[in-house]
file data-v1.tsv (TSV, C-alpha atoms)
chain	number	residue	atom	x	y	z
L	1	MET	CA	-1.12	-26.28	-19.99
L	2	ILE	CA	-3.47	-23.37	-19.45
L	3	TYR	CA	-2.45	-23.32	-15.78
L	4	LEU	CA	1.19	-23.05	-16.75
L	5	LYS	CA	0.38	-20.19	-19.10
L	6	LEU	CA	-1.62	-18.39	-16.43
L	7	PHE	CA	1.18	-18.88	-13.94
L	8	TRP	CA	3.86	-17.62	-16.32
L	9	SER	CA	1.87	-14.53	-17.40
L	10	PHE	CA	1.18	-13.43	-13.86
L	11	PHE	CA	4.71	-14.30	-12.78
L	12	GLN	CA	5.94	-11.72	-15.31
L	13	ILE	CA	3.39	-9.18	-14.11
L	14	GLY	CA	4.57	-9.71	-10.53
L	15	LEU	CA	8.22	-9.48	-11.49
L	16	PHE	CA	8.12	-6.33	-13.59
L	17	SER	CA	5.57	-4.11	-11.85
L	18	PHE	CA	7.52	-1.55	-9.86
L	19	GLY	CA	5.91	1.32	-8.01
L	20	GLY	CA	2.47	-0.01	-7.16
L	21	GLY	CA	-0.91	-0.55	-8.77
L	22	TYR	CA	-1.19	2.10	-11.45
L	23	ALA	CA	2.24	1.33	-12.81
L	24	ALA	CA	1.21	-2.32	-13.15
L	25	MET	CA	-1.87	-1.61	-15.28
L	26	PRO	CA	-0.25	-1.42	-18.74
L	27	LEU	CA	1.73	-4.55	-17.92
L	28	ILE	CA	-1.40	-6.48	-16.98
L	29	GLN	CA	-3.20	-5.21	-20.08
L	30	ASN	CA	-0.32	-6.32	-22.27
L	31	GLN	CA	-0.34	-9.87	-20.88
L	32	VAL	CA	-4.06	-10.39	-20.43
L	33	VAL	CA	-5.54	-8.51	-23.42
L	34	ASP	CA	-2.82	-8.16	-26.05
L	35	ILE	CA	-0.74	-11.31	-25.78
L	36	ASN	CA	-3.17	-13.96	-24.51
L	37	GLY	CA	-6.57	-12.49	-25.39
L	38	TRP	CA	-8.08	-13.73	-22.12
L	39	LEU	CA	-10.11	-10.54	-21.71
L	40	THR	CA	-11.45	-7.96	-24.15
L	41	MET	CA	-10.42	-4.34	-23.59
L	42	SER	CA	-13.82	-3.47	-22.10
L	43	GLU	CA	-13.66	-6.45	-19.74
L	44	PHE	CA	-10.21	-5.27	-18.70
L	45	ALA	CA	-11.63	-1.80	-18.01
L	46	ASP	CA	-14.22	-3.50	-15.79
L	47	VAL	CA	-11.47	-5.26	-13.86
L	48	ILE	CA	-9.83	-1.87	-13.23
L	49	THR	CA	-13.11	-0.34	-12.09
L	50	ILE	CA	-13.88	-3.24	-9.78
L	51	SER	CA	-10.31	-3.17	-8.44
L	52	GLN	CA	-10.83	0.41	-7.43
L	53	MET	CA	-14.08	-0.54	-5.70
L	54	THR	CA	-12.70	-3.49	-3.77
L	55	PRO	CA	-9.79	-3.83	-1.37
L	56	GLY	CA	-6.55	-5.45	-2.42
L	57	PRO	CA	-3.81	-4.96	-5.01
L	58	ILE	CA	-4.87	-4.64	-8.64
L	59	GLY	CA	-2.45	-7.39	-9.67
L	60	ILE	CA	-4.09	-9.88	-7.30
L	61	ASN	CA	-7.54	-8.75	-8.38
L	62	ALA	CA	-6.69	-9.20	-12.05
L	63	ALA	CA	-5.13	-12.60	-11.32
L	64	THR	CA	-8.27	-13.74	-9.52
L	65	PHE	CA	-10.63	-12.43	-12.19
L	66	VAL	CA	-8.71	-13.79	-15.17
L	67	GLY	CA	-7.82	-17.05	-13.41
L	68	LEU	CA	-11.47	-17.72	-12.58
L	69	ARG	CA	-12.46	-17.02	-16.16
L	70	ILE	CA	-9.84	-19.26	-17.70
L	71	GLY	CA	-9.37	-22.07	-15.23
L	72	GLY	CA	-11.96	-21.86	-12.45
L	73	ILE	CA	-10.93	-21.60	-8.83
L	74	GLN	CA	-7.69	-23.50	-9.46
L	75	GLY	CA	-6.90	-21.02	-12.22
L	76	ALA	CA	-7.41	-18.13	-9.80
L	77	MET	CA	-5.09	-19.74	-7.28
L	78	VAL	CA	-2.38	-20.52	-9.83
L	79	ALA	CA	-2.49	-16.98	-11.26
L	80	THR	CA	-2.36	-15.42	-7.80
L	81	LEU	CA	0.55	-17.64	-6.83
L	82	GLY	CA	2.41	-16.59	-9.98
L	83	CYS	CA	1.74	-12.95	-9.16
L	84	VAL	CA	3.16	-13.07	-5.60
L	85	LEU	CA	6.04	-15.49	-6.11
L	86	PRO	CA	8.55	-12.96	-7.55
L	87	SER	CA	7.82	-10.50	-4.71
L	88	CYS	CA	8.20	-13.30	-2.27
L	89	VAL	CA	11.68	-14.31	-3.39
L	90	ILE	CA	13.01	-10.78	-3.92
L	91	VAL	CA	11.53	-9.24	-0.77
L	92	LEU	CA	12.66	-12.13	1.44
L	93	THR	CA	16.19	-11.78	0.08
L	94	LEU	CA	16.17	-8.03	0.75
L	95	ALA	CA	14.74	-8.59	4.23
L	96	TYR	CA	17.51	-11.07	5.00
L	97	ILE	CA	20.15	-8.57	3.85
L	98	TYR	CA	18.48	-5.74	5.77
L	99	TYR	CA	18.43	-7.59	9.09
L	100	LYS	CA	21.95	-8.87	8.61
L	101	TYR	CA	23.63	-5.60	7.68
L	102	ARG	CA	21.48	-2.83	9.08
L	103	GLY	CA	24.03	-2.24	11.83
L	104	LEU	CA	26.70	-1.15	9.34
L	105	SER	CA	27.19	2.60	9.16
L	106	VAL	CA	26.87	2.77	5.37
L	107	VAL	CA	23.53	0.92	5.55
L	108	GLN	CA	22.48	3.22	8.39
L	109	GLY	CA	23.31	6.17	6.15
L	110	VAL	CA	21.28	4.80	3.26
L	111	LEU	CA	18.32	4.14	5.56
L	112	ASN	CA	18.59	7.65	7.05
L	113	GLY	CA	18.18	8.98	3.53
L	114	LEU	CA	15.30	6.62	2.69
L	115	ARG	CA	13.08	7.37	5.70
L	116	PRO	CA	12.25	10.99	4.77
L	117	ALA	CA	11.79	9.90	1.12
L	118	VAL	CA	9.25	7.27	2.22
L	119	ILE	CA	7.34	9.85	4.24
L	120	ALA	CA	7.26	12.05	1.13
L	121	MET	CA	5.92	9.19	-1.01
L	122	ILE	CA	3.15	8.38	1.45
L	123	ALA	CA	2.33	12.10	1.59
L	124	SER	CA	2.19	12.20	-2.20
L	125	ALA	CA	-0.16	9.19	-2.33
L	126	GLY	CA	-2.28	10.74	0.44
L	127	LEU	CA	-2.61	14.09	-1.30
L	128	THR	CA	-3.58	12.35	-4.55
L	129	LEU	CA	-6.36	10.59	-2.62
L	130	VAL	CA	-7.50	13.87	-1.03
L	131	ILE	CA	-7.80	15.46	-4.48
L	132	LEU	CA	-9.64	12.40	-5.76
L	133	ALA	CA	-12.08	12.56	-2.84
L	134	PHE	CA	-12.67	16.34	-2.97
L	135	TRP	CA	-13.01	16.63	-6.73
L	136	ASN	CA	-14.66	13.29	-7.30
L	137	GLY	CA	-13.52	12.35	-10.78
L	138	LYS	CA	-13.91	15.90	-12.08
L	139	GLY	CA	-10.27	16.76	-11.46
L	140	ILE	CA	-8.77	19.70	-9.58
L	141	THR	CA	-8.92	21.82	-12.74
L	142	SER	CA	-12.70	22.13	-12.36
L	143	GLY	CA	-11.93	24.57	-9.51
L	144	VAL	CA	-14.25	25.53	-6.66
L	145	ASP	CA	-17.38	24.52	-8.59
L	146	GLY	CA	-16.23	20.92	-8.79
L	147	ILE	CA	-15.70	20.48	-5.04
L	148	ASP	CA	-17.74	17.79	-3.30
L	149	TYR	CA	-18.44	19.51	0.04
L	150	VAL	CA	-19.78	16.39	1.68
L	151	ALA	CA	-16.40	14.75	1.09
L	152	VAL	CA	-14.61	17.80	2.51
L	153	VAL	CA	-16.71	17.74	5.69
L	154	LEU	CA	-16.33	13.94	6.00
L	155	PHE	CA	-12.58	14.29	5.59
L	156	ALA	CA	-12.36	17.05	8.22
L	157	ILE	CA	-14.42	15.08	10.76
L	158	ALA	CA	-12.50	11.86	10.13
L	159	PHE	CA	-9.18	13.70	10.43
L	160	MET	CA	-10.21	15.33	13.73
L	161	ILE	CA	-11.37	12.02	15.19
L	162	LEU	CA	-8.11	10.35	14.19
L	163	ARG	CA	-5.90	13.11	15.59
L	164	LYS	CA	-7.80	13.66	18.81
L	165	TRP	CA	-9.01	10.24	19.87
L	166	LYS	CA	-6.64	8.05	17.88
L	167	MET	CA	-9.57	5.94	16.81
L	168	ASN	CA	-9.04	2.71	14.84
L	169	PRO	CA	-8.61	3.80	11.19
L	170	VAL	CA	-10.67	0.89	9.88
L	171	HIS	CA	-13.63	2.03	12.01
L	172	VAL	CA	-13.18	5.57	10.70
L	173	MET	CA	-13.23	4.27	7.11
L	174	ILE	CA	-16.37	2.20	7.71
L	175	GLY	CA	-18.04	5.15	9.45
L	176	ALA	CA	-17.27	7.41	6.47
L	177	GLY	CA	-18.75	4.77	4.14
L	178	VAL	CA	-21.97	4.55	6.18
L	179	ILE	CA	-22.34	8.34	6.25
L	180	GLY	CA	-21.74	8.38	2.49
L	181	LEU	CA	-24.57	5.88	2.03
L	182	CYS	CA	-26.88	8.02	4.17
L	183	VAL	CA	-26.05	11.40	2.60
L	184	TYR	CA	-25.18	10.92	-1.08
L	185	PRO	CA	-28.54	9.48	-2.24
L	186	PHE	CA	-30.12	12.85	-1.36
L	187	ILE	CA	-27.65	15.12	-3.11
L	188	LEU	CA	-26.43	13.24	-6.17
U	1	MET	CA	6.61	-12.10	22.58
U	2	LYS	CA	5.72	-15.78	22.82
U	3	LYS	CA	5.54	-17.59	19.49
U	4	ASP	CA	2.75	-20.04	20.18
U	5	ILE	CA	-0.31	-20.89	18.08
U	6	LYS	CA	-2.04	-17.84	19.47
U	7	PHE	CA	0.70	-15.55	18.15
U	8	TYR	CA	0.53	-17.06	14.66
U	9	TYR	CA	-3.22	-16.76	14.66
U	10	LYS	CA	-2.96	-13.12	15.75
U	11	LEU	CA	-0.45	-12.40	12.99
U	12	PHE	CA	-2.62	-14.04	10.33
U	13	ALA	CA	-5.82	-12.42	11.58
U	14	ALA	CA	-4.19	-8.98	11.67
U	15	THR	CA	-2.95	-9.14	8.07
U	16	PHE	CA	-6.25	-10.63	6.85
U	17	TYR	CA	-8.20	-7.83	8.54
U	18	LEU	CA	-5.88	-5.10	7.22
U	19	SER	CA	-5.92	-6.46	3.69
U	20	ALA	CA	-9.71	-6.57	3.69
U	21	PHE	CA	-9.72	-2.81	4.29
U	22	THR	CA	-6.94	-1.68	1.97
U	23	PHE	CA	-9.12	0.49	-0.23
U	24	GLY	CA	-7.53	3.13	-2.41
U	25	GLY	CA	-4.23	1.56	-3.38
U	26	GLY	CA	-1.39	-0.27	-1.70
U	27	PHE	CA	-0.10	2.70	0.27
U	28	VAL	CA	-3.16	2.61	2.50
U	29	ILE	CA	-1.90	-0.57	4.13
U	30	ILE	CA	1.19	1.24	5.47
U	31	PRO	CA	-0.70	3.52	7.90
U	32	LEU	CA	-2.96	0.61	8.83
U	33	MET	CA	0.02	-1.64	9.55
U	34	ARG	CA	1.72	1.13	11.47
U	35	LYS	CA	-1.31	1.54	13.74
U	36	LYS	CA	-1.63	-2.21	14.25
U	37	PHE	CA	1.95	-3.45	14.57
U	38	VAL	CA	3.71	-0.33	15.88
U	39	ASP	CA	1.12	1.45	18.03
U	40	GLN	CA	-1.24	-1.33	19.09
U	41	TYR	CA	0.81	-4.54	19.32
U	42	LYS	CA	4.20	-2.81	19.70
U	43	TRP	CA	5.84	-5.60	17.72
U	44	ILE	CA	7.83	-3.31	15.41
U	45	GLU	CA	9.60	0.02	15.97
U	46	GLU	CA	8.59	3.19	14.18
U	47	LYS	CA	11.89	3.64	12.31
U	48	GLU	CA	12.02	-0.03	11.36
U	49	MET	CA	8.52	0.26	9.88
U	50	LEU	CA	9.74	3.10	7.65
U	51	ASP	CA	12.72	0.98	6.54
U	52	LEU	CA	10.39	-1.91	5.72
U	53	THR	CA	8.16	0.48	3.77
U	54	ALA	CA	11.17	1.60	1.72
U	55	ILE	CA	12.05	-2.01	0.92
U	56	ALA	CA	8.43	-2.83	0.05
U	57	GLN	CA	8.24	0.21	-2.18
U	58	SER	CA	11.45	-0.47	-4.09
U	59	SER	CA	10.73	-4.17	-4.74
U	60	PRO	CA	8.58	-5.34	-7.65
U	61	GLY	CA	4.99	-6.40	-7.03
U	62	ALA	CA	2.14	-5.08	-4.91
U	63	ILE	CA	3.21	-2.84	-2.00
U	64	ALA	CA	0.64	-4.42	0.31
U	65	VAL	CA	1.95	-7.93	-0.38
U	66	ASN	CA	5.59	-6.82	-0.05
U	67	ALA	CA	4.94	-5.03	3.24
U	68	ALA	CA	3.10	-8.09	4.57
U	69	ILE	CA	6.03	-10.36	3.62
U	70	LEU	CA	8.44	-8.06	5.47
U	71	VAL	CA	6.36	-7.82	8.61
U	72	GLY	CA	5.82	-11.59	8.63
U	73	TYR	CA	9.51	-12.30	8.13
U	74	ARG	CA	10.50	-9.81	10.83
U	75	LEU	CA	8.15	-11.34	13.38
U	76	ALA	CA	8.36	-15.05	12.62
U	77	GLY	CA	10.83	-15.79	9.83
U	78	VAL	CA	9.87	-17.49	6.57
U	79	ILE	CA	6.87	-19.22	8.17
U	80	GLY	CA	5.63	-15.84	9.33
U	81	ALA	CA	6.04	-14.47	5.80
U	82	MET	CA	4.03	-17.36	4.32
U	83	LEU	CA	1.30	-16.70	6.86
U	84	THR	CA	1.11	-12.97	6.17
U	85	ILE	CA	1.13	-13.53	2.39
U	86	LEU	CA	-1.84	-15.84	2.80
U	87	GLY	CA	-3.56	-13.31	5.05
U	88	THR	CA	-3.02	-10.53	2.52
U	89	VAL	CA	-3.97	-12.46	-0.60
U	90	LEU	CA	-7.07	-14.25	0.69
U	91	PRO	CA	-9.42	-11.24	1.15
U	92	PRO	CA	-9.10	-9.93	-2.43
U	93	LEU	CA	-9.20	-13.50	-3.75
U	94	LEU	CA	-12.42	-14.27	-1.87
U	95	ILE	CA	-14.06	-10.90	-2.47
U	96	LEU	CA	-13.33	-10.89	-6.19
U	97	SER	CA	-14.41	-14.51	-6.59
U	98	VAL	CA	-17.81	-13.62	-5.14
U	99	ILE	CA	-18.11	-10.38	-7.12
U	100	SER	CA	-17.14	-11.98	-10.43
U	101	LEU	CA	-20.36	-14.02	-10.20
U	102	ALA	CA	-22.34	-10.81	-10.72
U	103	TYR	CA	-19.81	-8.17	-11.54
U	104	THR	CA	-21.87	-5.93	-13.78
U	105	GLN	CA	-24.51	-5.56	-11.05
U	106	PHE	CA	-21.80	-4.76	-8.54
U	107	ARG	CA	-20.12	-2.27	-10.85
U	108	ASP	CA	-23.39	-0.42	-11.53
U	109	SER	CA	-24.76	-0.58	-7.99
U	110	LEU	CA	-25.65	2.84	-6.58
U	111	ILE	CA	-25.37	1.66	-2.99
U	112	VAL	CA	-21.79	0.52	-3.55
U	113	ARG	CA	-21.01	3.82	-5.22
U	114	TYR	CA	-22.34	5.91	-2.30
U	115	VAL	CA	-20.48	3.85	0.30
U	116	LEU	CA	-17.23	4.03	-1.65
U	117	ARG	CA	-17.52	7.76	-2.17
U	118	GLY	CA	-17.89	8.29	1.56
U	119	MET	CA	-15.11	5.86	2.28
U	120	GLN	CA	-12.74	7.66	-0.07
U	121	ALA	CA	-12.79	10.73	2.17
U	122	GLY	CA	-12.18	8.51	5.20
U	123	VAL	CA	-9.24	6.75	3.55
U	124	ALA	CA	-7.70	10.11	2.61
U	125	ALA	CA	-8.01	11.25	6.25
U	126	VAL	CA	-6.34	8.03	7.49
U	127	ILE	CA	-3.30	8.57	5.28
U	128	ILE	CA	-2.99	12.31	5.95
U	129	ASP	CA	-3.23	11.63	9.71
U	130	VAL	CA	-0.27	9.26	9.57
U	131	VAL	CA	1.68	11.63	7.33
U	132	VAL	CA	1.18	14.50	9.81
U	133	THR	CA	2.42	12.31	12.69
U	134	MET	CA	5.48	11.21	10.72
U	135	VAL	CA	6.35	14.74	9.60
U	136	ILE	CA	6.07	16.05	13.19
U	137	ASP	CA	8.37	13.25	14.38
U	138	LEU	CA	10.88	14.07	11.66
U	139	LEU	CA	10.85	17.81	12.47
U	140	LYS	CA	11.42	16.97	16.16
U	141	GLU	CA	14.81	15.48	15.23
U	142	ARG	CA	15.96	19.03	14.40
U	143	ASN	CA	18.06	17.85	11.50
U	144	VAL	CA	18.05	19.90	8.31
U	145	LEU	CA	19.10	17.31	5.71
U	146	PRO	CA	16.21	14.83	6.19
U	147	VAL	CA	13.74	17.71	5.87
U	148	PHE	CA	15.33	18.68	2.55
U	149	VAL	CA	15.28	15.07	1.34
U	150	MET	CA	11.60	14.87	2.29
U	151	ILE	CA	10.65	18.08	0.48
U	152	GLY	CA	12.74	17.14	-2.55
U	153	SER	CA	11.23	13.65	-2.75
U	154	PHE	CA	7.74	15.08	-2.41
U	155	VAL	CA	8.26	17.50	-5.29
U	156	ALA	CA	9.80	14.70	-7.36
U	157	THR	CA	6.92	12.26	-6.85
U	158	PHE	CA	3.88	14.52	-6.54
U	159	PHE	CA	4.64	17.28	-9.06
U	160	LEU	CA	7.22	15.79	-11.39
U	161	HIS	CA	5.94	12.16	-11.33
U	162	ILE	CA	9.47	10.80	-11.23
U	163	ASN	CA	9.71	7.01	-10.84
U	164	VAL	CA	9.74	6.01	-7.15
U	165	VAL	CA	12.62	3.59	-7.63
U	166	PHE	CA	14.77	6.48	-8.84
U	167	VAL	CA	13.71	8.69	-5.91
U	168	ILE	CA	14.59	5.92	-3.46
U	169	LEU	CA	17.97	5.41	-5.12
U	170	VAL	CA	18.90	9.10	-4.98
U	171	SER	CA	17.80	9.57	-1.35
U	172	GLY	CA	19.74	6.45	-0.36
U	173	ILE	CA	22.88	7.87	-1.97
U	174	ILE	CA	22.37	11.25	-0.27
U	175	GLY	CA	21.93	9.47	3.08
U	176	SER	CA	25.08	7.39	2.75
U	177	MET	CA	27.12	10.40	1.62
U	178	ALA	CA	25.87	12.43	4.56
U	179	MET	CA	26.87	9.61	6.90
U	180	TYR	CA	30.35	9.41	5.31
U	181	TYR	CA	31.06	13.14	5.38
U	182	GLY	CA	29.50	13.51	8.82
U	183	LYS	CA	32.01	11.01	10.20
U	184	HIS	CA	34.82	12.61	8.28
U	185	ILE	CA	34.11	16.05	9.68
U	186	LYS	CA	33.86	14.68	13.22
U	187	LYS	CA	37.20	12.90	12.85
U	188	SER	CA	39.07	15.91	11.50
U	189	GLY	CA	37.56	18.07	14.23
U	190	GLU	CA	38.95	15.93	17.01

call {"tool": "encode", "arguments": {"input": "data-v1.tsv", "output": "structure tokens"}}
result
Amino acid sequence: MIYLKLFWSFFQIGLFSFGGGYAAMPLIQNQVVDINGWLTMSEFADVITISQMTPGPIGINAATFVGLRIGGIQGAMVATLGCVLPSCVIVLTLAYIYYKYRGLSVVQGVLNGLRPAVIAMIASAGLTLVILAFWNGKGITSGVDGIDYVAVVLFAIAFMILRKWKMNPVHVMIGAGVIGLCVYPFIL
Amino acid sequence: MKKDIKFYYKLFAATFYLSAFTFGGGFVIIPLMRKKFVDQYKWIEEKEMLDLTAIAQSSPGAIAVNAAILVGYRLAGVIGAMLTILGTVLPPLLILSVISLAYTQFRDSLIVRYVLRGMQAGVAAVIIDVVVTMVIDLLKERNVLPVFVMIGSFVATFFLHINVVFVILVSGIIGSMAMYYGKHIKKSGE
């Protein structure tokens, strides 16, 4: 019974979260804290914090964390399955339609309009991350005083390496992490 | 592209590896996928990758999972999609399972904090690098309308925080109208 409940809760989270991680947060809170009481509010805050510290979508992270709590490893698997199933059905349907009709001129037109919009959305997400990295948590309103110069230099070096030598982005990310570990203990 | 066991393994391994490094939100997986599947393996075209991103973005659920489903389906049908879902879901599932054993220690660890703070700058650079490449490619097309759509969408999402689904809808309509009138003008000119 608990597995069914887990599955159904995370199925709804998967189905109704549009627009990525942060948009999904209130939805997850509603299901996990308010309706089912599986986590307290402070435990939920921990899940958010840990999600930001680990790779992977917040929905999957929450599903794993809550599932483990409630129903062990099977619980985690059931909750995760519930979370990805709606995407799976909807995205596969859209993919089928896309590959079947993308030759049509009206679909071509729609896609021509979408491509620049997608670039803009990635740019928007990227700039948000730049601000987050440069003004670590303090927010851009803290002005020049709030700037983390180590992050600025790291960003500039990483950007140059990526542009010039087209290095593997994962290696660049790991390198930045290692430098962070070497430098931050001395200045924070 | 031969679809033998080796190919399926490569597909699974690639998504597993990318998912394990998707720090900083779902959008990070798009530049990573682009590098891997477009530039390195040459399995998917640049424009197609942008289309898939639009579909992933406008569907419910995690962008990383949606993008993985699309890439898997494109390369090896429904079986491919199942494989890439598994590859994308397993790293967070495993990592969080381990961390949940001692999550307060992990949360409060200084070492983790220093590494993540450094990594944040790296992740930002990865995304901005891809954005710069994509913007240069778009400008090379020497077409005014897409540039306007891009600037408009950027203002809408970054400054006005308008829902992405709405932005996608409006740009799709603009694109189809431009296609319709473009044809119309050509026809009447002949």

call {"tool": "atom_distance", "arguments": {"input": "data-v1.tsv", "atom1": "atom CA of U:Pro60", "atom2": "atom CA of L:Phe18"}}
result
4.5 Å

call {"tool": "residues_around", "arguments": {"input": "data-v1.tsv", "residues": "L:Val178", "least_positions_apart": "5", "cutoff": "12 Å", "atoms": "all atoms listed in the file", "output": "list in words"}}
result
Leu154, His171, Val172, Met173, Val183, Tyr184 and Pro185 of chain L; Ile111, Val112, Arg113, Tyr114, Val115, Leu116, Arg117, Gly118, Met119, Gln120, Ala121 and Gly122 of chain U

call {"tool": "residues_around", "arguments": {"input": "data-v1.tsv", "residues": "U:Phe21", "least_positions_apart": "6", "cutoff": "12 Å", "atoms": "all atoms listed in the file", "output": "VMD selection string"}}
result
(chain L and resid 53 to 57 168 to 174 177) or (chain U and resid 14 to 15 27 to 33 64 88 91 to 92 95 116 119 to 120 122 to 123 126)

call {"tool": "atom_distance", "arguments": {"input": "data-v1.tsv", "atom1": "atom CA of U:Asp51", "atom2": "atom CA of U:Phe154"}}
result
17.4 Å

call {"tool": "residues_around", "arguments": {"input": "data-v1.tsv", "residues": "U:Asn163", "least_positions_apart": "4", "cutoff": "9 Å", "atoms": "only C-alpha atoms", "output": "CSV table (one decimal) with C-alpha atoms, in the coordinates of the input"}}
result
chain,number,residue,atom,x,y,z
L,18,PHE,CA,7.5,-1.6,-9.9
L,19,GLY,CA,5.9,1.3,-8.0
U,156,ALA,CA,9.8,14.7,-7.4
U,157,THR,CA,6.9,12.3,-6.8
U,167,VAL,CA,13.7,8.7,-5.9
U,168,ILE,CA,14.6,5.9,-3.5

call {"tool": "closest_atom_pairs", "arguments": {"input": "data-v1.tsv", "of": "stretch 50-169 of chain L", "to": "stretch 65-72 of chain U", "cutoff": "7 Å", "atoms": "all atoms listed in the file", "output": "JSON lines"}}
result
{"residue": "L:Ser87", "atom": "CA", "partner": "U:Asn66", "partner_atom": "CA", "distance": 6.3}
{"residue": "L:Cys88", "atom": "CA", "partner": "U:Ile69", "partner_atom": "CA", "distance": 6.9}
{"residue": "L:Val91", "atom": "CA", "partner": "U:Asn66", "partner_atom": "CA", "distance": 6.5}
{"residue": "L:Ala95", "atom": "CA", "partner": "U:Leu70", "partner_atom": "CA", "distance": 6.4}

call {"tool": "atom_distance", "arguments": {"input": "data-v1.tsv", "atom1": "atom CA of L:Leu15", "atom2": "atom CA of L:Asn36"}}
result
17.9 Å

call {"tool": "closest_residue", "arguments": {"input": "data-v1.tsv", "among": "U:Thr104, U:Thr84, U:Asn143, U:Thr22", "to": "chain L", "atoms": "all atoms listed in the file"}}
result
U:Thr22

call {"tool": "residues_around", "arguments": {"input": "data-v1.tsv", "residues": "stretch 108-125 of chain L", "least_positions_apart": "3", "cutoff": "9 Å", "atoms": "only C-alpha atoms", "output": "NGL selection string"}}
result
(:L and (101-105 or 128-130)) or (:U and (25 or 27-28 or 30-31 or 47 or 50-51 or 53-54 or 57 or 127-128 or 130-132 or 134-135 or 138 or 145-155 or 157-159 or 164 or 167-180))

call {"tool": "write_last_selection", "arguments": {"input": "data-v1.tsv", "atoms": "C-alpha atoms", "output": "PDB file, keeping the file's coordinate frame"}}
result
ATOM      1  CA  TYR L 101      23.630  -5.600   7.680  1.00  0.00           C
ATOM      2  CA  ARG L 102      21.480  -2.830   9.080  1.00  0.00           C
ATOM      3  CA  GLY L 103      24.030  -2.240  11.830  1.00  0.00           C
ATOM      4  CA  LEU L 104      26.700  -1.150   9.340  1.00  0.00           C
ATOM      5  CA  SER L 105      27.190   2.600   9.160  1.00  0.00           C
ATOM      6  CA  THR L 128      -3.580  12.350  -4.550  1.00  0.00           C
ATOM      7  CA  LEU L 129      -6.360  10.590  -2.620  1.00  0.00           C
ATOM      8  CA  VAL L 130      -7.500  13.870  -1.030  1.00  0.00           C
TER       9      VAL L 130
ATOM     10  CA  GLY U  25      -4.230   1.560  -3.380  1.00  0.00           C
ATOM     11  CA  PHE U  27      -0.100   2.700   0.270  1.00  0.00           C
ATOM     12  CA  VAL U  28      -3.160   2.610   2.500  1.00  0.00           C
ATOM     13  CA  ILE U  30       1.190   1.240   5.470  1.00  0.00           C
ATOM     14  CA  PRO U  31      -0.700   3.520   7.900  1.00  0.00           C
ATOM     15  CA  LYS U  47      11.890   3.640  12.310  1.00  0.00           C
ATOM     16  CA  LEU U  50       9.740   3.100   7.650  1.00  0.00           C
ATOM     17  CA  ASP U  51      12.720   0.980   6.540  1.00  0.00           C
ATOM     18  CA  THR U  53       8.160   0.480   3.770  1.00  0.00           C
ATOM     19  CA  ALA U  54      11.170   1.600   1.720  1.00  0.00           C
ATOM     20  CA  GLN U  57       8.240   0.210  -2.180  1.00  0.00           C
ATOM     21  CA  ILE U 127      -3.300   8.570   5.280  1.00  0.00           C
ATOM     22  CA  ILE U 128      -2.990  12.310   5.950  1.00  0.00           C
ATOM     23  CA  VAL U 130      -0.270   9.260   9.570  1.00  0.00           C
ATOM     24  CA  VAL U 131       1.680  11.630   7.330  1.00  0.00           C
ATOM     25  CA  VAL U 132       1.180  14.500   9.810  1.00  0.00           C
ATOM     26  CA  MET U 134       5.480  11.210  10.720  1.00  0.00           C
ATOM     27  CA  VAL U 135       6.350  14.740   9.600  1.00  0.00           C
ATOM     28  CA  LEU U 138      10.880  14.070  11.660  1.00  0.00           C
ATOM     29  CA  LEU U 145      19.100  17.310   5.710  1.00  0.00           C
ATOM     30  CA  PRO U 146      16.210  14.830   6.190  1.00  0.00           C
ATOM     31  CA  VAL U 147      13.740  17.710   5.870  1.00  0.00           C
ATOM     32  CA  PHE U 148      15.330  18.680   2.550  1.00  0.00           C
ATOM     33  CA  VAL U 149      15.280  15.070   1.340  1.00  0.00           C
ATOM     34  CA  MET U 150      11.600  14.870   2.290  1.00  0.00           C
ATOM     35  CA  ILE U 151      10.650  18.080   0.480  1.00  0.00           C
ATOM     36  CA  GLY U 152      12.740  17.140  -2.550  1.00  0.00           C
ATOM     37  CA  SER U 153      11.230  13.650  -2.750  1.00  0.00           C
ATOM     38  CA  PHE U 154       7.740  15.080  -2.410  1.00  0.00           C
ATOM     39  CA  VAL U 155       8.260  17.500  -5.290  1.00  0.00           C
ATOM     40  CA  THR U 157       6.920  12.260  -6.850  1.00  0.00           C
ATOM     41  CA  PHE U 158       3.880  14.520  -6.540  1.00  0.00           C
ATOM     42  CA  PHE U 159       4.640  17.280  -9.060  1.00  0.00           C
ATOM     43  CA  VAL U 164       9.740   6.010  -7.150  1.00  0.00           C
ATOM     44  CA  VAL U 167      13.710   8.690  -5.910  1.00  0.00           C
ATOM     45  CA  ILE U 168      14.590   5.920  -3.460  1.00  0.00           C
ATOM     46  CA  LEU U 169      17.970   5.410  -5.120  1.00  0.00           C
ATOM     47  CA  VAL U 170      18.900   9.100  -4.980  1.00  0.00           C
ATOM     48  CA  SER U 171      17.800   9.570  -1.350  1.00  0.00           C
ATOM     49  CA  GLY U 172      19.740   6.450  -0.360  1.00  0.00           C
ATOM     50  CA  ILE U 173      22.880   7.870  -1.970  1.00  0.00           C
ATOM     51  CA  ILE U 174      22.370  11.250  -0.270  1.00  0.00           C
ATOM     52  CA  GLY U 175      21.930   9.470   3.080  1.00  0.00           C
ATOM     53  CA  SER U 176      25.080   7.390   2.750  1.00  0.00           C
ATOM     54  CA  MET U 177      27.120  10.400   1.620  1.00  0.00           C
ATOM     55  CA  ALA U 178      25.870  12.430   4.560  1.00  0.00           C
ATOM     56  CA  MET U 179      26.870   9.610   6.900  1.00  0.00           C
ATOM     57  CA  TYR U 180      30.350   9.410   5.310  1.00  0.00           C
TER      58      TYR U 180
END
